[in-house]
Structure formats: structure tokens, C-alpha cells
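A.B. asks: This is the content of run_37.txt (compact mmCIF, C-alpha atoms and all ligand atoms):
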# COMPACT_ATOMS: atom_id res chain seq x y z
CA MET A 1 18.09 203.74 -58.50
CA GLY A 2 18.67 200.02 -59.10
CA ASP A 3 21.10 198.41 -61.50
CA ARG A 4 20.68 199.20 -65.15
CA PRO A 5 22.37 197.89 -68.31
CA TYR A 6 25.19 199.75 -70.02
CA ILE A 7 23.20 201.97 -72.42
CA LEU A 8 24.45 202.96 -75.85
CA LEU A 9 22.30 205.33 -77.92
CA SER A 10 22.93 205.11 -81.65
CA CYS A 11 21.42 207.31 -84.31
CA SER A 12 22.02 208.89 -87.68
CA MET A 13 20.77 212.34 -88.61
CA SER A 14 20.87 214.82 -91.49
CA LEU A 15 23.08 217.93 -91.51
CA ASP A 16 20.11 219.84 -90.11
CA GLY A 17 19.52 217.34 -87.31
CA TYR A 18 16.58 215.33 -88.66
CA LEU A 19 16.04 211.60 -88.15
CA ASP A 20 13.69 211.12 -91.07
CA SER A 21 11.73 213.01 -93.72
CA ALA A 22 8.18 214.20 -93.12
CA SER A 23 6.77 211.50 -95.41
CA GLU A 24 5.97 207.92 -94.49
CA GLY A 25 8.60 205.20 -94.75
CA ARG A 26 12.22 205.04 -93.78
CA LEU A 27 14.76 207.65 -94.89
CA LEU A 28 18.20 206.11 -95.44
CA LEU A 29 20.66 208.51 -93.84
CA SER A 30 23.68 206.23 -93.63
CA ASN A 31 25.76 204.24 -96.09
CA GLU A 32 26.56 200.51 -96.41
CA ALA A 33 29.85 200.74 -94.49
CA ASP A 34 28.12 202.45 -91.61
CA PHE A 35 25.21 199.99 -91.62
CA ASP A 36 27.86 197.30 -91.26
CA ARG A 37 29.41 199.16 -88.30
CA VAL A 38 25.95 199.39 -86.68
CA ASP A 39 25.54 195.65 -87.27
CA GLU A 40 28.73 195.07 -85.25
CA VAL A 41 27.49 197.31 -82.43
CA ARG A 42 24.15 195.46 -82.43
CA SER A 43 25.91 192.12 -82.32
CA GLN A 44 27.61 193.14 -79.06
CA CYS A 45 24.31 194.06 -77.35
CA ASP A 46 21.83 192.00 -75.38
CA ALA A 47 18.81 194.06 -76.45
CA ILE A 48 17.78 196.79 -78.90
CA LEU A 49 15.08 199.31 -77.95
CA VAL A 50 13.00 201.50 -80.29
CA GLY A 51 9.82 203.54 -79.80
CA ALA A 52 6.49 202.31 -81.16
CA ALA A 53 6.45 205.09 -83.79
CA THR A 54 9.68 203.69 -85.22
CA VAL A 55 8.13 200.18 -85.31
CA ARG A 56 5.14 201.63 -87.18
CA ASN A 57 7.02 203.93 -89.56
CA ASP A 58 10.26 202.07 -90.32
CA ASN A 59 9.09 198.51 -89.65
CA PRO A 60 12.66 197.50 -88.64
CA ALA A 61 13.64 193.86 -88.17
CA LEU A 62 16.36 194.75 -85.61
CA LEU A 63 18.45 191.68 -86.35
CA VAL A 64 22.19 191.03 -86.62
CA ARG A 65 22.69 190.65 -90.38
CA SER A 66 26.21 189.25 -90.67
CA GLU A 67 26.40 185.45 -90.58
CA GLN A 68 29.86 185.65 -89.02
CA ARG A 69 28.60 187.85 -86.17
CA ARG A 70 25.58 185.63 -85.64
CA GLN A 71 27.91 182.62 -85.40
CA ARG A 72 30.13 184.49 -82.92
CA ARG A 73 27.12 185.07 -80.69
CA ILE A 74 26.24 181.37 -80.86
CA ASP A 75 29.86 180.44 -79.99
CA GLU A 76 29.64 182.77 -77.00
CA GLY A 77 26.48 180.97 -75.84
CA ARG A 78 24.27 183.98 -76.55
CA PRO A 79 20.99 184.13 -78.53
CA VAL A 80 21.61 184.57 -82.28
CA THR A 81 20.22 188.09 -82.20
CA PRO A 82 19.61 190.54 -79.36
CA ALA A 83 16.23 190.80 -77.66
CA LYS A 84 13.90 193.52 -79.00
CA VAL A 85 12.20 196.10 -76.81
CA THR A 86 9.54 198.71 -77.57
CA LEU A 87 7.30 201.10 -75.64
CA THR A 88 3.77 202.23 -76.33
CA SER A 89 1.06 204.10 -74.54
CA GLY A 90 -1.58 204.03 -77.31
CA GLY A 91 -1.03 200.34 -78.11
CA ASP A 92 -1.08 200.75 -81.90
CA LEU A 93 1.25 197.85 -82.69
CA SER A 94 0.55 195.24 -85.34
CA ARG A 95 1.68 191.70 -84.65
CA ARG A 96 2.55 191.55 -88.36
CA ALA A 97 5.31 194.15 -87.82
CA ARG A 98 8.79 192.77 -88.48
CA PHE A 99 9.60 193.58 -84.85
CA PHE A 100 7.39 190.58 -83.97
CA THR A 101 7.74 188.33 -87.01
CA THR A 102 11.50 188.21 -87.54
CA GLY A 103 14.23 186.59 -85.46
CA ASP A 104 13.78 184.20 -82.60
CA GLY A 105 15.00 186.33 -79.69
CA GLU A 106 12.84 187.57 -76.86
CA ARG A 107 10.58 190.59 -77.45
CA PHE A 108 9.33 193.00 -74.81
CA VAL A 109 6.57 195.60 -75.04
CA TYR A 110 6.39 198.09 -72.15
CA ALA A 111 3.06 199.83 -71.64
CA PRO A 112 0.93 201.46 -68.96
CA THR A 113 -1.62 199.17 -67.29
CA LEU A 114 -4.72 199.88 -69.41
CA THR A 115 -2.78 199.45 -72.66
CA ALA A 116 -0.92 196.38 -71.39
CA GLU A 117 -4.25 194.73 -70.57
CA ARG A 118 -5.47 195.38 -74.10
CA LEU A 119 -2.22 194.24 -75.72
CA GLU A 120 -1.73 191.01 -73.79
CA PRO A 121 -4.39 188.98 -75.71
CA ARG A 122 -3.14 190.38 -79.05
CA LEU A 123 0.63 190.25 -78.57
CA GLY A 124 1.06 187.85 -75.65
CA ALA A 125 1.95 184.96 -77.99
CA VAL A 126 4.75 186.89 -79.72
CA ALA A 127 6.07 189.16 -76.94
CA THR A 128 6.25 189.66 -73.21
CA VAL A 129 3.92 192.57 -72.46
CA VAL A 130 5.24 194.39 -69.39
CA ASP A 131 2.72 196.41 -67.36
CA ARG A 132 4.47 199.53 -66.03
CA GLY A 133 1.57 200.96 -64.01
CA ASP A 134 0.41 204.53 -64.60
CA ARG A 135 3.36 205.55 -66.81
CA VAL A 136 6.36 204.03 -68.55
CA ARG A 137 9.57 205.60 -67.22
CA MET A 138 12.87 204.93 -68.97
CA CYS A 139 14.78 204.39 -65.72
CA GLU A 140 12.29 201.70 -64.71
CA VAL A 141 12.44 200.06 -68.15
CA ALA A 142 16.24 199.98 -67.81
CA GLU A 143 16.06 198.47 -64.31
CA ASP A 144 13.48 195.89 -65.40
CA LEU A 145 15.60 194.86 -68.39
CA HIS A 146 18.62 194.50 -66.13
CA ALA A 147 16.60 192.23 -63.85
CA ARG A 148 15.79 190.13 -66.94
CA GLY A 149 19.49 189.66 -67.68
CA ILE A 150 20.07 192.49 -70.17
CA ARG A 151 23.53 193.93 -69.50
CA ARG A 152 24.11 195.95 -72.68
CA LEU A 153 21.21 197.88 -74.22
CA MET A 154 21.28 199.69 -77.55
CA VAL A 155 18.71 202.46 -78.00
CA GLU A 156 17.96 203.04 -81.70
CA GLY A 157 15.34 205.78 -81.84
CA GLY A 158 13.31 207.63 -82.49
CA GLY A 159 13.39 211.18 -81.24
CA LYS A 160 10.90 210.82 -78.36
CA VAL A 161 12.79 207.84 -77.02
CA HIS A 162 16.17 209.57 -77.41
CA THR A 163 14.89 212.61 -75.54
CA GLN A 164 13.72 210.60 -72.55
CA PHE A 165 16.87 208.48 -72.23
CA LEU A 166 19.13 211.53 -72.61
CA THR A 167 17.24 213.95 -70.35
CA GLU A 168 17.04 211.26 -67.65
CA GLY A 169 20.83 210.92 -67.85
CA LEU A 170 20.64 207.19 -68.57
CA VAL A 171 22.93 207.03 -71.60
CA ASP A 172 26.53 205.90 -71.12
CA GLU A 173 27.65 206.23 -74.72
CA LEU A 174 26.30 208.15 -77.72
CA HIS A 175 26.99 207.26 -81.36
CA LEU A 176 25.86 210.04 -83.64
CA VAL A 177 26.25 209.74 -87.41
CA VAL A 178 25.82 212.81 -89.60
CA ALA A 179 24.72 212.26 -93.20
CA PRO A 180 25.81 214.75 -95.88
CA PHE A 181 22.42 216.20 -96.82
CA PHE A 182 19.61 218.39 -95.49
CA VAL A 183 15.99 217.42 -94.89
CA GLY A 184 14.81 221.00 -94.55
CA ASP A 185 11.30 220.24 -93.36
CA SER A 186 10.35 220.99 -89.75
CA ARG A 187 7.49 218.49 -89.94
CA ALA A 188 10.17 215.77 -89.80
CA ARG A 189 11.36 214.35 -86.46
CA ARG A 190 14.53 215.77 -84.96
CA PHE A 191 17.24 213.79 -83.18
CA VAL A 192 15.75 215.04 -79.88
CA SER A 193 12.92 217.34 -78.89
CA ASP A 194 13.01 220.09 -76.25
CA GLY A 195 14.13 219.07 -72.78
CA ARG A 196 16.54 219.63 -69.92
CA PHE A 197 19.65 217.72 -70.93
CA PRO A 198 22.47 217.05 -68.45
CA TRP A 199 24.94 218.48 -70.99
CA GLY A 200 24.82 222.19 -71.73
CA ALA A 201 27.29 224.98 -72.43
CA ASP A 202 28.52 224.75 -68.84
CA ARG A 203 28.82 220.94 -68.89
CA ARG A 204 30.17 219.70 -72.16
CA ALA A 205 29.98 216.05 -73.15
CA THR A 206 33.22 214.18 -73.81
CA LEU A 207 33.97 213.48 -77.46
CA VAL A 208 36.00 210.27 -77.65
CA GLU A 209 36.12 209.73 -81.40
CA ALA A 210 35.23 211.39 -84.71
CA ARG A 211 35.59 209.05 -87.69
CA PRO A 212 34.70 209.55 -91.36
CA ILE A 213 32.97 206.47 -92.78
CA GLY A 214 32.68 207.10 -96.51
CA ASP A 215 30.51 210.20 -96.87
CA VAL A 216 29.17 210.18 -93.28
CA VAL A 217 30.93 210.95 -90.03
CA LEU A 218 30.58 209.06 -86.76
CA MET A 219 30.96 210.94 -83.49
CA ARG A 220 31.22 208.96 -80.28
CA TYR A 221 30.64 210.61 -76.92
CA ALA A 222 31.21 209.28 -73.42
CA LEU A 223 28.22 210.43 -71.41
CA SER A 224 28.92 208.71 -68.10
CA GLY A 225 31.72 207.42 -65.93
CA ARG A 226 30.71 203.93 -67.03
CA PHE A 227 31.86 204.59 -70.63
CA GLU A 228 33.70 201.54 -72.01
CA ASP A 229 36.15 202.36 -74.78
CA GLU A 230 35.74 199.26 -76.88
CA PRO A 231 36.43 199.00 -80.59
CA THR A 232 33.26 199.38 -82.60
CA SER A 233 34.52 198.85 -86.11
CA GLY A 234 33.52 195.62 -87.82
N1 LIG B 1 17.81 208.11 -88.15
C1 LIG B 1 17.74 207.20 -87.23
O1 LIG B 1 18.76 206.71 -86.73
C2 LIG B 1 16.39 206.77 -86.76
C3 LIG B 1 16.30 205.71 -85.86
C4 LIG B 1 15.03 205.36 -85.41
C5 LIG B 1 13.91 206.06 -85.83
N2 LIG B 1 14.03 207.07 -86.71
C6 LIG B 1 12.86 207.82 -87.14
O2 LIG B 1 12.24 208.40 -86.00
C7 LIG B 1 10.85 208.52 -86.28
C8 LIG B 1 10.07 208.21 -85.04
O3 LIG B 1 10.49 209.05 -84.01
P1 LIG B 1 9.44 209.57 -82.95
O4 LIG B 1 10.12 210.49 -82.05
O5 LIG B 1 8.22 210.02 -83.68
O6 LIG B 1 8.98 208.25 -82.21
P2 LIG B 1 9.71 207.10 -81.38
O7 LIG B 1 10.60 207.70 -80.36
O8 LIG B 1 10.23 206.05 -82.28
O9 LIG B 1 8.43 206.48 -80.69
C9 LIG B 1 7.58 207.29 -79.92
C10 LIG B 1 6.47 206.40 -79.44
O10 LIG B 1 6.97 205.44 -78.52
C11 LIG B 1 6.06 205.28 -77.47
N3 LIG B 1 6.62 205.86 -76.26
C12 LIG B 1 7.68 206.70 -76.15
N4 LIG B 1 7.88 207.01 -74.87
C13 LIG B 1 6.94 206.37 -74.17
C14 LIG B 1 6.62 206.30 -72.79
N5 LIG B 1 7.33 206.93 -71.86
N6 LIG B 1 5.57 205.54 -72.41
C15 LIG B 1 4.84 204.85 -73.32
N7 LIG B 1 5.10 204.88 -74.64
C16 LIG B 1 6.13 205.63 -75.04
C17 LIG B 1 4.79 206.03 -77.88
O11 LIG B 1 4.10 205.11 -78.68
P3 LIG B 1 2.52 205.17 -78.97
O12 LIG B 1 2.36 206.28 -79.97
O13 LIG B 1 2.23 203.81 -79.55
O14 LIG B 1 1.83 205.44 -77.67
C18 LIG B 1 5.39 207.15 -78.71
O15 LIG B 1 4.47 207.75 -79.60
C19 LIG B 1 10.53 207.54 -87.37
O16 LIG B 1 9.96 208.24 -88.43
C20 LIG B 1 11.84 206.94 -87.78
O17 LIG B 1 12.00 206.99 -89.17
C21 LIG B 1 15.24 207.42 -87.20
Please render this file's structure as C-alpha cells.
C.D. replies:
Amino acid sequence: MGDRPYILLSCSMSLDGYLDSASEGRLLLSNEADFDRVDEVRSQCDAILVGAATVRNDNPALLVRSEQRRQRRIDEGRPVTPAKVTLTSGGDLSRRARFFTTGDGERFVYAPTLTAERLEPRLGAVATVVDRGDRVRMCEVAEDLHARGIRRLMVEGGGKVHTQFLTEGLVDELHLVVAPFFVGDSRARRFVSDGRFPWGADRRATLVEARPIGDVVLMRYALSGRFEDEPTSG
């Protein structure tokens, strides 16, 4: 395998392990203090990756919100906000989504050939459409992003994307926030779906921190030898 960025997977879930509710629109699992912590983590990354279903359902802007953090990035000679990355096989992505309309950083859409050919005329003006051949594989996305200068990648959902990055053993650091309520509806999306994960009862992941943040708790895990123990509080 070629070089890949340092990969940090960040997500918040309910007490029963759900990422959202079964209804449309975004479910707020975290609190303001934790959103601010996530903003700091984002500000330290070169790119943020989400699945196309998250773009469609949550319509996230994926920007660094704090003016001070934006200024710090400028002072460091970096783009004001990280690049944005998504993946699709069906190609159902609107160019009016905030993923494409907000911020001035680079945007990448990874897709298999037939979808990439369809998307290029529609999204080519607002994003780099990357043709990944017969199938989009997370290890190849990571290698391609590294070749484009991305050294620190933040993966921010949803469940299908988490599952692929985790089962392929690509994640160096996991930030898991648990919100103090239940969703209680199995139609909602879980943190991950079924899969063969490198960490099981006989190979436990390394917990490096558990921190209450108001009414939620953050758990940080080192998932690879590349784990970098950097401060993540704002
Ligand atoms: N709590 C949190 O921290 C958090 C964070 C993010 C998202 N969420 C929630 O998670 C939910 C979405 O999760 P999800 O699991 O349904 O979807 P997802 O992981 O966001 O996106 C899945 C979609 O990404 C594309 N994709 C994924 N892997 C691909 C591959 N290998 N090749 C090509 N395309 C690929 C496909 O898009 P196409 O369908 O276009 O082919 C697929 O349907 C949303 O409702 C959102 O609210 C929660």
C-alpha cells in the first residue's frame, strides 16, 4: 500500500449506538462545547470526508467556524478551511448542497467510472470528480488524497463510510462521542454496520482518553502505531 494521510474518524452517537433518527434531517447528538471541540479538530485537518448520504441528509457545510482558528490556518499558510471529500456510486448529489456552495477550499467527489462520467458535466465546475474505475476503495481514496497533498484526513460519517474505513484498518485515531439519550428505532443508521473489524475481544483497541464534555462523553482510541497524542481541546 502507498502512503496515506493520518486518518482520524470522528463521530457522535446515541446511548444505543445510532448516528441519527429514522426521519429526514440532522439529529443533534452533541452539545455546543463539543461542537467547538470538533471545530478545533477540523481546523487541524487538511480534508474532511463524508459519504454522499450524509451530504444529502444533513447538508453539512464542513467549514471551520471559529474566526480565530480560520486566522490561524491563514497564518500557517494553509487554506482557510479544509478540503471537502465525498464518495458516491449512484451520483445523486446536488450542486446546490452546502458541500459545494460554501467555503472556498478544494472539493473532491470520488466515483466509479460510469458515475464519474455523468457527474463531470454537472459538478466539474464546483469539484474535482475523481474516476476510481470499477469501484471506490477507501485505501485508494486515502492514497489518492495523499498524492494530492492531504496529510491529515478527518472522516465524519456516516455509518457506511465508517464501516469501510474501520474494517479496512485505515483509521489511526477514533473520536467517539456518546450523547445521553436513546434513539430506539432500528430504521436509524448505526455508528457502523456488520463487518470484520480488526479489533475484537481478542484484540482490544487502546483507549487513550475518556473526557466528559457537559452532558456528553468523548472517548479517544489509538487504532494504529501512527497515533499522535496531540491536544484536541479548543
Ligand atoms: N452522528 C454523527 O456524527 C453523524 C455524522 C455523519 C453522518 N451522520 C448520519 O449518518 C447518516 C448517513 O449514514 P449512511 O451510512 O446512510 O451513509 P454515508 O456513510 O454518509 O454515505 C453512504 C453513501 O456514500 C456513498 N459511498 C459509500 N461508500 C462508497 C463506495 N465505496 N463507493 C462509492 N460510493 C460510496 C454512497 O453514495 P450513493 O448513495 O450516492 O451511491 C453511499 O450510499 C445520515 O443520516 C447522517 O445524519 C451522523
A.B. asks: Hey, which of A:Ala33, A:Val130, A:Ile150, A:Val216 ends up closest to Asp46 in chain A? Count only C-alpha atoms.
C.D. replies: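 Among the listed residues, the smallest separation from Asp46 in chain A belongs to A:Ile150.
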A.B. asks: Provide an axis-aligned box for all listed atoms of range 196-203 of chain A, padding each side by 8 Å; report its centre and its edge lengths in Å to one decimal, as lines of an AutoDock Vina configuration file.
C.D. replies:
center_x = 22.7
center_y = 221.0
center_z = -70.4
size_x = 28.3
size_y = 23.9
size_z = 20.0
A.B. asks: Could you pull the residues within 12 Å of Val80 in chain A, counting all atoms listed in the file, minus those fewer than 6 positions along the same chain, as a PyMOL selection string?
C.D. replies: chain A and resi 42-47+62-74+102-106
A.B. asks: Next, write the just-selected residues to a file, as a PDB file, keeping the file's coordinate frame, keeping C-alpha atoms as the atom set.
C.D. replies:
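Written output follows (selection18.pdb):
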ATOM      1  CA  ARG A  42      24.150 195.460 -82.430  1.00  0.00           C
ATOM      2  CA  SER A  43      25.910 192.120 -82.320  1.00  0.00           C
ATOM      3  CA  GLN A  44      27.610 193.140 -79.060  1.00  0.00           C
ATOM      4  CA  CYS A  45      24.310 194.060 -77.350  1.00  0.00           C
ATOM      5  CA  ASP A  46      21.830 192.000 -75.380  1.00  0.00           C
ATOM      6  CA  ALA A  47      18.810 194.060 -76.450  1.00  0.00           C
ATOM      7  CA  LEU A  62      16.360 194.750 -85.610  1.00  0.00           C
ATOM      8  CA  LEU A  63      18.450 191.680 -86.350  1.00  0.00           C
ATOM      9  CA  VAL A  64      22.190 191.030 -86.620  1.00  0.00           C
ATOM     10  CA  ARG A  65      22.690 190.650 -90.380  1.00  0.00           C
ATOM     11  CA  SER A  66      26.210 189.250 -90.670  1.00  0.00           C
ATOM     12  CA  GLU A  67      26.400 185.450 -90.580  1.00  0.00           C
ATOM     13  CA  GLN A  68      29.860 185.650 -89.020  1.00  0.00           C
ATOM     14  CA  ARG A  69      28.600 187.850 -86.170  1.00  0.00           C
ATOM     15  CA  ARG A  70      25.580 185.630 -85.640  1.00  0.00           C
ATOM     16  CA  GLN A  71      27.910 182.620 -85.400  1.00  0.00           C
ATOM     17  CA  ARG A  72      30.130 184.490 -82.920  1.00  0.00           C
ATOM     18  CA  ARG A  73      27.120 185.070 -80.690  1.00  0.00           C
ATOM     19  CA  ILE A  74      26.240 181.370 -80.860  1.00  0.00           C
ATOM     20  CA  THR A 102      11.500 188.210 -87.540  1.00  0.00           C
ATOM     21  CA  GLY A 103      14.230 186.590 -85.460  1.00  0.00           C
ATOM     22  CA  ASP A 104      13.780 184.200 -82.600  1.00  0.00           C
ATOM     23  CA  GLY A 105      15.000 186.330 -79.690  1.00  0.00           C
ATOM     24  CA  GLU A 106      12.840 187.570 -76.860  1.00  0.00           C
TER      25      GLU A 106
END
A.B. asks: Give as a ChimeraX atom specification the set of residues within 12 Å of the point (25.5, 206.4, -76.5), where distances use the file's coordinates and all atoms listed in the file.
C.D. replies: /A:6-12,41,152-157,162,165-166,169-177,205-208,218-224,226-229
A.B. asks: When distances are computed from all atoms listed in the file, which of A:Gly77, A:Gly158, A:Gly17, A:Gly184 shows the smallest separation from ligand LIG 1 (chain B)?
C.D. replies: A:Gly158
A.B. asks: So the first atom is CA of Ile48 in chain A and the second is CA of Pro180 in chain A; what is the distance between them in Å, to one decimal place?
C.D. replies: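 Separation of CA of Ile48 in chain A and CA of Pro180 in chain A: 26.0 Å.
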A.B. asks: Just checking: using all atoms listed in the file, which residue out of A:Gly51, A:Asp34, A:Arg95, A:Gly90 ends up closest to Glu117 in chain A?
C.D. replies: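 Under the stated criterion, the closest residue is A:Gly90.
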A.B. asks: Taking only residues of chain A that have an atom at most 7 Å from an atom of ligand LIG 1 (chain B), what is each one's shortest atom pair and its distance in Å to one decimal, using only C-alpha atoms and all ligand atoms, in chain and number order, as a tab-separated table?
C.D. replies:
residue	atom	partner	partner_atom	distance
A:Ser10	CA	B:LIG1	O1	6.8
A:Cys11	CA	B:LIG1	O1	3.6
A:Ser12	CA	B:LIG1	O1	4.0
A:Met13	CA	B:LIG1	N1	5.2
A:Leu19	CA	B:LIG1	N1	3.9
A:Asp20	CA	B:LIG1	O17	4.9
A:Gly25	CA	B:LIG1	O17	6.8
A:Arg26	CA	B:LIG1	O17	5.0
A:Leu27	CA	B:LIG1	O17	6.4
A:Leu29	CA	B:LIG1	N1	6.4
A:Val50	CA	B:LIG1	O8	5.7
A:Gly51	CA	B:LIG1	O9	3.4
A:Ala52	CA	B:LIG1	O10	4.1
A:Ala53	CA	B:LIG1	O9	3.9
A:Thr54	CA	B:LIG1	O8	3.8
A:Val55	CA	B:LIG1	O8	6.9
A:Asn57	CA	B:LIG1	O16	5.3
A:Asp58	CA	B:LIG1	O17	5.3
A:Leu87	CA	B:LIG1	N7	4.5
A:Thr88	CA	B:LIG1	N7	3.4
A:Ser89	CA	B:LIG1	O14	3.5
A:Gly90	CA	B:LIG1	O14	3.7
A:Gly91	CA	B:LIG1	O13	5.0
A:Asp92	CA	B:LIG1	O13	5.1
A:Leu93	CA	B:LIG1	O13	6.8
A:Ala111	CA	B:LIG1	C15	5.6
A:Pro112	CA	B:LIG1	C15	6.8
A:Arg135	CA	B:LIG1	N6	6.0
A:Val136	CA	B:LIG1	N6	4.2
A:Arg137	CA	B:LIG1	N5	5.3
A:Met138	CA	B:LIG1	N5	6.6
A:Glu156	CA	B:LIG1	C3	5.2
A:Gly157	CA	B:LIG1	C4	3.6
A:Gly158	CA	B:LIG1	O7	3.4
A:Gly159	CA	B:LIG1	O4	3.4
A:Lys160	CA	B:LIG1	O7	3.7
A:Val161	CA	B:LIG1	O7	4.0
A:His162	CA	B:LIG1	O7	6.6
A:Arg189	CA	B:LIG1	C7	5.9
A.B. asks: So, with all atoms listed in the file as the atoms that count, which of A:Leu49, A:Glu209, A:Asp185, A:Asp194 lies closest to Ala22 in chain A?
C.D. replies: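 Comparing A:Leu49, A:Glu209, A:Asp185, A:Asp194 against Ala22 in chain A, the winner is A:Asp185.
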A.B. asks: Can you tell me how far CA of Leu145 in chain A sits from CA of Asp36 in chain A, in Å to one decimal?
C.D. replies: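 CA of Asp36 in chain A lies 26.1 Å from CA of Leu145 in chain A.
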A.B. asks: Could you name the residues that touch Thr101 in chain A at 12 Å or less, counting all atoms listed in the file, but leaving out those on the same chain fewer than 6 positions away, as an mmCIF file with C-alpha atoms, in the frame of the given file?
C.D. replies:
data_model
loop_
_atom_site.group_PDB
_atom_site.id
_atom_site.type_symbol
_atom_site.label_atom_id
_atom_site.label_comp_id
_atom_site.auth_asym_id
_atom_site.auth_seq_id
_atom_site.Cartn_x
_atom_site.Cartn_y
_atom_site.Cartn_z
ATOM 1 C CA VAL A 55 8.130 200.180 -85.310
ATOM 2 C CA ASN A 59 9.090 198.510 -89.650
ATOM 3 C CA PRO A 60 12.660 197.500 -88.640
ATOM 4 C CA ALA A 61 13.640 193.860 -88.170
ATOM 5 C CA LEU A 62 16.360 194.750 -85.610
ATOM 6 C CA LEU A 63 18.450 191.680 -86.350
ATOM 7 C CA LYS A 84 13.900 193.520 -79.000
ATOM 8 C CA SER A 94 0.550 195.240 -85.340
ATOM 9 C CA ARG A 95 1.680 191.700 -84.650
ATOM 10 C CA ARG A 107 10.580 190.590 -77.450
ATOM 11 C CA LEU A 123 0.630 190.250 -78.570
ATOM 12 C CA ALA A 125 1.950 184.960 -77.990
ATOM 13 C CA VAL A 126 4.750 186.890 -79.720
ATOM 14 C CA ALA A 127 6.070 189.160 -76.940
#
A.B. asks: Between CA of Ala188 in chain A and CA of Tyr18 in chain A, what distance in Å does the model show, to one decimal?
C.D. replies: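 That distance, rounded to one decimal, is 6.5 Å.
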A.B. asks: Restricting the calculation to only C-alpha atoms: of A:Glu32, A:Arg151, A:Val217, A:Asp144, which residue gets closest to Pro82 in chain A?
C.D. replies: A:Arg151
A.B. asks: Hey, which of A:Arg148, A:Gly195, A:Arg4, A:Gly133 ends up closest to Thr163 in chain A? Count all atoms listed in the file.
C.D. replies: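 Under the stated criterion, the closest residue is A:Gly195.
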A.B. asks: Pull out range 66-83 of chain A, keep N, CA, C and O atoms, and write it as a short mmCIF file (atom, residue, chain, number, x, y, z; two decimals), in the first residue's frame.
C.D. replies:
data_model
loop_
_atom_site.label_atom_id
_atom_site.label_comp_id
_atom_site.auth_asym_id
_atom_site.auth_seq_id
_atom_site.Cartn_x
_atom_site.Cartn_y
_atom_site.Cartn_z
N SER A 66 -14.81 28.90 13.78
CA SER A 66 -14.18 29.94 14.61
C SER A 66 -13.27 30.85 13.78
O SER A 66 -12.39 30.38 13.05
N GLU A 67 -13.48 32.16 13.92
CA GLU A 67 -12.67 33.13 13.18
C GLU A 67 -11.20 33.02 13.57
O GLU A 67 -10.30 33.12 12.73
N GLN A 68 -10.98 32.80 14.87
CA GLN A 68 -9.61 32.68 15.38
C GLN A 68 -8.89 31.48 14.75
O GLN A 68 -7.72 31.57 14.35
N ARG A 69 -9.58 30.37 14.62
CA ARG A 69 -8.98 29.17 14.02
C ARG A 69 -8.76 29.36 12.53
O ARG A 69 -7.78 28.88 11.97
N ARG A 70 -9.70 30.06 11.89
CA ARG A 70 -9.54 30.33 10.46
C ARG A 70 -8.29 31.19 10.25
O ARG A 70 -7.49 30.95 9.35
N GLN A 71 -8.14 32.21 11.13
CA GLN A 71 -6.98 33.09 11.03
C GLN A 71 -5.68 32.31 11.26
O GLN A 71 -4.68 32.53 10.58
N ARG A 72 -5.72 31.38 12.22
CA ARG A 72 -4.52 30.57 12.50
C ARG A 72 -4.12 29.78 11.25
O ARG A 72 -2.94 29.68 10.92
N ARG A 73 -5.11 29.24 10.56
CA ARG A 73 -4.79 28.50 9.34
C ARG A 73 -4.15 29.42 8.30
O ARG A 73 -3.19 29.03 7.62
N ILE A 74 -4.69 30.63 8.17
CA ILE A 74 -4.13 31.58 7.21
C ILE A 74 -2.68 31.89 7.59
O ILE A 74 -1.78 31.87 6.75
N ASP A 75 -2.45 32.14 8.90
CA ASP A 75 -1.09 32.46 9.38
C ASP A 75 -0.12 31.32 9.10
O ASP A 75 1.07 31.54 8.89
N GLU A 76 -0.65 30.10 9.10
CA GLU A 76 0.20 28.93 8.84
C GLU A 76 0.36 28.66 7.35
O GLU A 76 0.96 27.66 6.94
N GLY A 77 -0.25 29.54 6.52
CA GLY A 77 -0.13 29.39 5.07
C GLY A 77 -1.01 28.28 4.51
O GLY A 77 -0.75 27.74 3.43
N ARG A 78 -2.09 27.93 5.27
CA ARG A 78 -2.97 26.87 4.81
C ARG A 78 -4.27 27.49 4.28
O ARG A 78 -4.59 28.63 4.62
N PRO A 79 -5.06 26.75 3.49
CA PRO A 79 -6.37 27.28 3.08
C PRO A 79 -7.22 27.56 4.32
O PRO A 79 -7.05 26.91 5.35
N VAL A 80 -8.14 28.51 4.22
CA VAL A 80 -8.95 28.91 5.38
C VAL A 80 -9.68 27.73 5.99
O VAL A 80 -9.77 27.59 7.20
N THR A 81 -10.22 26.88 5.13
CA THR A 81 -10.91 25.69 5.64
C THR A 81 -10.37 24.46 4.92
O THR A 81 -9.82 24.56 3.83
N PRO A 82 -10.52 23.30 5.55
CA PRO A 82 -10.02 22.07 4.91
C PRO A 82 -10.74 21.78 3.60
O PRO A 82 -11.85 22.26 3.36
N ALA A 83 -10.11 20.96 2.78
CA ALA A 83 -10.78 20.48 1.56
C ALA A 83 -11.94 19.57 1.98
O ALA A 83 -11.97 19.07 3.11
#
